[in-house]
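A.B. asks: Input file: target.txt. Contents: compact mmCIF, C-alpha atoms.
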```
# COMPACT_ATOMS: atom_id res chain seq x y z
CA MET J 471 9.17 8.36 4.28
CA SER J 472 5.61 9.48 4.90
CA LYS J 473 3.45 10.40 7.86
CA VAL J 474 0.34 10.31 5.67
CA TYR J 475 -1.47 7.09 4.87
CA GLY J 476 -2.28 6.86 1.17
CA ASN J 477 -3.62 3.69 -0.42
CA PHE J 478 -3.13 1.84 2.86
CA ALA J 479 -5.97 3.91 4.29
CA TRP J 480 -8.44 1.87 2.23
CA ILE J 481 -7.48 -1.39 3.93
CA TYR J 482 -6.54 0.15 7.29
CA ASP J 483 -9.70 -1.02 9.06
CA ASP J 484 -9.24 -4.58 7.80
CA PHE J 485 -5.96 -4.81 9.66
CA MET J 486 -7.04 -2.88 12.78
CA GLU J 487 -9.76 -5.31 13.84
CA ASP J 488 -7.89 -6.06 17.08
CA TYR J 489 -7.85 -2.40 18.14
CA ASP J 490 -10.67 -1.95 20.63
CA TYR J 491 -12.13 1.44 19.71
CA GLU J 492 -15.21 0.79 21.83
CA GLY J 493 -13.01 -0.11 24.79
CA VAL J 494 -10.98 3.07 24.34
CA PHE J 495 -14.21 5.06 24.20
CA HIS J 496 -15.45 3.53 27.45
CA PHE J 497 -12.07 4.25 29.04
CA ILE J 498 -12.38 7.92 28.05
CA ASP J 499 -15.93 7.95 29.36
CA GLN J 500 -14.70 6.71 32.74
CA VAL J 501 -11.73 9.05 33.13
CA TRP J 502 -13.26 12.21 31.69
CA ASP J 503 -15.26 13.75 34.50
CA HIS J 504 -17.58 16.13 32.68
CA PRO J 505 -21.12 16.77 34.03
CA LYS J 506 -22.85 17.22 30.66
CA LYS J 507 -21.02 15.33 27.94
CA GLU J 508 -23.97 15.70 25.59
CA GLU J 509 -23.32 19.46 25.59
CA ALA J 510 -19.53 19.32 25.47
CA SER J 511 -17.20 20.41 22.68
CA ILE J 512 -14.77 17.70 21.54
CA LEU J 513 -11.82 17.73 19.15
CA GLU J 514 -10.30 14.53 17.79
CA MET J 515 -6.89 15.04 16.22
CA ALA J 516 -5.63 12.60 13.58
CA CYS J 517 -9.03 10.90 13.48
CA GLY J 518 -8.07 8.37 10.80
CA THR J 519 -11.00 6.48 9.31
CA GLY J 520 -13.38 7.76 12.01
CA SER J 521 -13.86 4.53 13.99
CA LEU J 522 -13.51 6.31 17.34
CA SER J 523 -15.30 9.38 15.97
CA CYS J 524 -18.46 7.31 15.55
CA PHE J 525 -18.55 6.71 19.30
CA LEU J 526 -17.58 10.27 20.22
CA SER J 527 -20.31 11.70 18.00
CA GLY J 528 -22.86 10.42 20.50
CA TRP J 529 -21.75 13.13 22.93
CA GLY J 530 -21.69 16.85 22.13
CA GLN J 531 -20.26 18.87 19.26
CA LEU J 532 -17.44 16.91 17.57
CA ASP J 533 -14.77 18.34 15.32
CA ALA J 534 -12.22 15.92 13.87
CA PHE J 535 -9.32 16.29 11.49
CA ASP J 536 -6.70 14.24 9.71
CA LEU J 537 -3.88 14.98 7.29
CA SER J 538 -4.79 12.14 4.93
CA PRO J 539 -7.61 12.85 2.45
CA ASP J 540 -8.09 9.10 1.99
CA MET J 541 -8.62 8.60 5.73
CA LEU J 542 -11.08 11.50 5.80
CA ALA J 543 -13.07 10.08 2.89
CA LEU J 544 -13.55 6.87 4.86
CA ALA J 545 -14.41 8.79 8.02
CA GLN J 546 -17.03 10.79 6.12
CA ALA J 547 -18.58 7.58 4.80
CA LYS J 548 -18.86 6.18 8.34
CA LEU J 549 -20.18 9.35 9.95
CA GLY J 550 -22.48 10.43 7.14
CA HIS J 551 -23.96 13.82 7.90
CA ARG J 552 -24.48 13.50 11.64
CA GLU J 553 -25.60 16.69 13.31
CA GLY J 554 -22.88 18.43 15.27
CA VAL J 555 -19.98 16.72 13.49
CA ARG J 556 -17.41 18.54 11.33
CA LEU J 557 -14.44 17.00 9.51
CA PHE J 558 -11.35 18.89 8.36
CA GLN J 559 -8.12 18.15 6.52
CA MET J 560 -5.46 19.70 8.75
CA ASP J 561 -1.98 19.14 10.14
CA MET J 562 -1.44 18.64 13.87
CA GLU J 563 1.27 21.31 14.01
CA THR J 564 -0.73 24.09 12.39
CA PHE J 565 -4.44 23.33 12.85
CA ARG J 566 -6.65 26.30 13.57
CA LEU J 567 -10.36 26.13 14.38
CA ASP J 568 -13.00 28.60 15.45
CA ARG J 569 -13.71 27.30 18.96
CA THR J 570 -12.14 25.97 22.13
CA TYR J 571 -12.84 22.51 23.48
CA ASP J 572 -13.76 20.71 26.68
CA LEU J 573 -11.94 17.60 25.48
CA ILE J 574 -9.14 17.19 22.94
CA LEU J 575 -7.88 13.73 21.94
CA CYS J 576 -4.81 12.62 20.01
CA LEU J 577 -4.72 8.82 20.16
CA CYS J 578 -3.56 5.74 18.22
CA ASP J 579 0.13 6.81 18.57
CA SER J 580 -0.45 9.68 16.14
CA MET J 581 2.12 11.87 17.94
CA ASN J 582 4.77 9.21 17.30
CA TYR J 583 4.74 10.24 13.64
CA LEU J 584 6.21 13.63 14.50
CA ASP J 585 9.93 13.33 13.83
CA HIS J 586 11.32 16.09 16.06
CA LYS J 587 10.68 17.56 19.49
CA ASP J 588 10.01 20.94 17.87
CA LYS J 589 7.05 19.43 16.03
CA ILE J 590 5.71 17.94 19.26
CA PHE J 591 6.05 21.38 20.85
CA ARG J 592 4.25 23.16 18.00
CA THR J 593 1.43 20.64 18.23
CA LEU J 594 1.13 21.15 21.98
CA VAL J 595 1.02 24.91 21.50
CA GLN J 596 -1.95 24.48 19.16
CA VAL J 597 -3.61 22.25 21.74
CA GLN J 598 -3.05 24.88 24.43
CA LYS J 599 -4.69 27.53 22.24
CA HIS J 600 -7.76 25.37 21.58
CA LEU J 601 -8.25 23.88 25.05
CA LYS J 602 -10.67 25.48 27.50
CA GLN J 603 -9.17 26.53 30.82
CA ASP J 604 -10.88 23.62 32.59
CA GLY J 605 -10.63 21.28 29.57
CA LEU J 606 -8.75 17.99 29.29
CA PHE J 607 -6.26 16.84 26.66
CA ILE J 608 -5.60 13.10 26.35
CA MET J 609 -2.83 11.80 24.11
CA ASP J 610 -0.94 8.54 23.84
CA LEU J 611 2.55 7.66 22.69
CA ASN J 612 4.11 4.30 21.98
CA THR J 613 7.35 3.73 23.89
CA ALA J 614 10.72 2.39 22.81
CA HIS J 615 10.04 -0.62 25.06
CA GLY J 616 6.76 -1.23 23.25
CA PHE J 617 8.25 -1.03 19.78
CA GLU J 618 11.12 -3.32 20.71
CA LYS J 619 8.93 -5.88 22.44
CA ASN J 620 5.95 -5.90 20.08
CA TYR J 621 7.56 -5.21 16.70
CA GLY J 622 11.37 -5.28 16.73
CA ASP J 623 12.96 -6.67 13.59
CA GLN J 624 10.20 -8.83 12.21
CA VAL J 625 8.11 -9.42 9.11
CA PHE J 626 4.36 -9.72 9.65
CA LEU J 627 2.20 -11.38 7.02
CA GLN J 628 -1.58 -11.01 7.06
CA GLU J 629 -4.23 -12.08 4.60
CA LYS J 630 -7.85 -11.03 4.36
CA GLU J 631 -10.39 -11.61 1.64
CA GLY J 632 -9.08 -9.86 -1.45
CA VAL J 633 -5.99 -8.38 0.19
CA PHE J 634 -2.56 -9.56 1.34
CA LEU J 635 -0.23 -7.46 3.52
CA ALA J 636 3.50 -7.84 4.17
CA TRP J 637 4.78 -5.60 6.99
CA ASP J 638 8.59 -5.41 7.25
CA ASN J 639 9.50 -3.80 10.58
CA HIS J 640 12.80 -2.55 11.99
CA PHE J 641 13.26 -0.78 15.33
CA ASP J 642 16.49 1.20 15.68
CA ARG J 643 17.24 1.07 19.40
CA ASP J 644 19.97 3.71 19.22
CA LEU J 645 17.87 6.29 17.39
CA GLY J 646 14.56 5.29 18.95
CA ILE J 647 12.89 5.12 15.54
CA ASN J 648 10.53 2.42 14.31
CA TYR J 649 10.66 1.89 10.54
CA TYR J 650 8.05 -0.11 8.68
CA ASP J 651 7.66 -0.86 5.00
CA LEU J 652 4.23 -1.95 3.81
CA ASP J 653 3.62 -4.00 0.67
CA PHE J 654 0.01 -4.87 0.05
CA PHE J 655 -1.70 -6.62 -2.79
CA LEU J 656 -5.33 -5.86 -3.66
CA GLU J 657 -7.35 -8.29 -5.74
CA GLU J 658 -8.89 -6.72 -8.82
CA GLU J 659 -11.43 -7.87 -11.38
CA GLY J 660 -10.32 -11.04 -13.09
CA GLY J 661 -8.37 -12.33 -10.11
CA LEU J 662 -5.28 -10.22 -10.71
CA TYR J 663 -3.60 -8.41 -7.80
CA ARG J 664 -2.25 -4.87 -7.81
CA ARG J 665 0.71 -4.08 -5.55
CA PHE J 666 1.03 -0.91 -3.47
CA SER J 667 3.94 0.08 -1.24
CA GLU J 668 4.33 2.65 1.54
CA SER J 669 7.07 3.38 4.07
CA HIS J 670 6.51 5.02 7.46
CA GLU J 671 8.46 5.93 10.58
CA GLU J 672 7.47 6.41 14.21
CA TYR J 673 9.65 8.25 16.71
CA THR J 674 9.92 7.64 20.44
CA TYR J 675 10.20 10.26 23.17
CA SER J 676 10.99 9.83 26.85
CA ILE J 677 8.62 10.89 29.62
CA GLU J 678 11.14 13.57 30.61
CA GLU J 679 11.16 15.01 27.08
CA ILE J 680 7.37 15.07 26.91
CA ARG J 681 7.06 16.62 30.37
CA GLU J 682 9.46 19.42 29.38
CA LEU J 683 7.60 20.12 26.12
CA VAL J 684 4.21 20.08 27.85
CA GLN J 685 5.36 22.62 30.42
CA LYS J 686 6.99 24.80 27.77
CA ALA J 687 3.66 24.92 25.89
CA GLY J 688 1.78 26.20 28.96
CA LEU J 689 0.28 22.85 29.91
CA ARG J 690 0.77 20.39 32.76
CA ILE J 691 0.56 16.60 33.08
CA LEU J 692 -2.06 15.46 35.57
CA LYS J 693 -1.18 11.78 35.39
CA MET J 694 0.04 9.02 33.08
CA THR J 695 -1.21 5.47 32.72
CA GLN J 696 -0.02 2.26 31.12
CA GLY J 697 -2.16 2.13 28.03
CA TYR J 698 -5.90 2.39 28.45
CA SER J 699 -5.92 1.18 32.04
CA GLN J 700 -5.69 2.68 35.51
CA GLU J 701 -2.18 1.21 35.97
CA GLU J 702 0.32 3.98 36.77
CA ASP J 703 3.43 1.77 36.86
CA LEU J 704 5.06 2.73 33.55
CA SER J 705 8.22 0.63 33.80
CA GLN J 706 6.96 -1.91 31.24
CA ALA J 707 4.51 0.30 29.37
CA GLY J 708 4.30 -0.23 25.63
CA ARG J 709 1.96 2.74 25.33
CA ILE J 710 1.66 5.68 27.72
CA VAL J 711 -1.54 7.70 27.98
CA TYR J 712 -1.01 11.30 29.13
CA PHE J 713 -3.73 13.35 30.83
CA ILE J 714 -2.99 17.05 30.38
CA LYS J 715 -4.54 20.32 31.55
CA LYS J 716 -3.78 23.97 31.01
CA GLU J 717 -1.54 25.68 33.51
CA ASP J 718 -3.54 27.58 36.12
CA VAL J 719 -3.85 31.32 35.47
```
How does the structure come out when it is put into structure tokens?

C.D. replies:
Amino acid sequence: MSKVYGNFAWIYDDFMEDYDYEGVFHFIDQVWDHPKKEEASILEMACGTGSLSCFLSGWGQLDAFDLSPDMLALAQAKLGHREGVRLFQMDMETFRLDRTYDLILCLCDSMNYLDHKDKIFRTLVQVQKHLKQDGLFIMDLNTAHGFEKNYGDQVFLQEKEGVFLAWDNHFDRDLGINYYDLDFFLEEEGGLYRRFSESHEEYTYSIEEIRELVQKAGLRILKMTQGYSQEEDLSQAGRIVYFIKKEDV
């Protein structure tokens, strides 16, 4: 099982057309109360193919990293050589950079790929080290309710020009793990298709577990919302967005 997208990275955007990166950006713009965003320092963790990075790069200094070299290659192609933008290949648990940040983001359920609470904790410790005292950390996590309702035990078939994807999903309710096997077929010259396969897992964590880990890392939760909305009733949340600050000194 992998937490790194390989060949799938190259068709990732084709099958993420329904994800509203611009809407997420406007949500962040509304909730992040910073007087001079054009001068701010921003870190995007697990930036993927850079779709959100393109919006964030319109603010201040942007650093972004991902574990997948394929994702980063696509992000670099989108961002070009924009001034004030740096891309890195790093792991969420061990990343180390030469500055602290006004805003740190870890979105698109990236934290769900961490398969143990210790890994969540180590990631939060790195966030604490890189977050300014008055900075804001925003992360999201898919919930067990969301995986069960939206994915469950199903096979999803999608076809785009030149590519066909079969997504075989299984959510283990007892373990709180979402398993998905990807088989995709890319059309090559001459009309032949080449098959690629990848398997991934996402892990669910309760609010109580996250709250404990956040506090242990020297951080505190300001609030939580149901997805990218202002709704704070989390009883039916498929995705929870956490707003986190450093503990007061």

A.B. asks: Considering all atoms listed in the file, can you say which of J:Leu601, J:Phe558, J:His551, J:Leu683 comes closest to Lys589 (chain J)?

C.D. replies: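 Smallest distance to Lys589 (chain J) is found for J:Leu683.
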
A.B. asks: List every protein, DNA or RNA residue that has an atom no more than 12 Å from (-1.3, -8.2, -1.2) in the file's coordinate frame, counting all atoms listed in the file, and report them as a list in words.

C.D. replies: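 Residues with an atom close enough to that point: Phe478, Ile481, Leu627, Gln628, Glu629, Lys630, Glu631, Gly632, Val633, Phe634, Leu635, Ala636, Trp637, Leu652, Asp653, Phe654, Phe655, Leu656, Glu657, Glu658, Leu662, Tyr663, Arg664, Arg665, Phe666 and Ser667 of chain J.
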
A.B. asks: Could you pull the residues within 9 Å of Phe591 (chain J), counting only C-alpha atoms, minus those fewer than 2 positions along the same chain, as JSON, numbers by chain?

C.D. replies: {"J": [563, 586, 587, 588, 589, 593, 594, 595, 596, 680, 683, 684, 686, 687]}

A.B. asks: Just checking: using all atoms listed in the file, which residue out of J:His600, J:Gln559, J:Glu671, J:Thr613 ends up closest to Gln696 (chain J)?

C.D. replies: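 Checking each candidate against Gln696 (chain J), we get J:Thr613 as the closest.
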
A.B. asks: Would you mind listing what lies within 8 Å of region 564-580 of chain J as an NGL selection string, with all atoms listed in the file counted and same-chain residues fewer than 2 positions away left out?

C.D. replies: :J and (510-517 or 560-562 or 582-584 or 592-593 or 596-597 or 599-602 or 604-612)
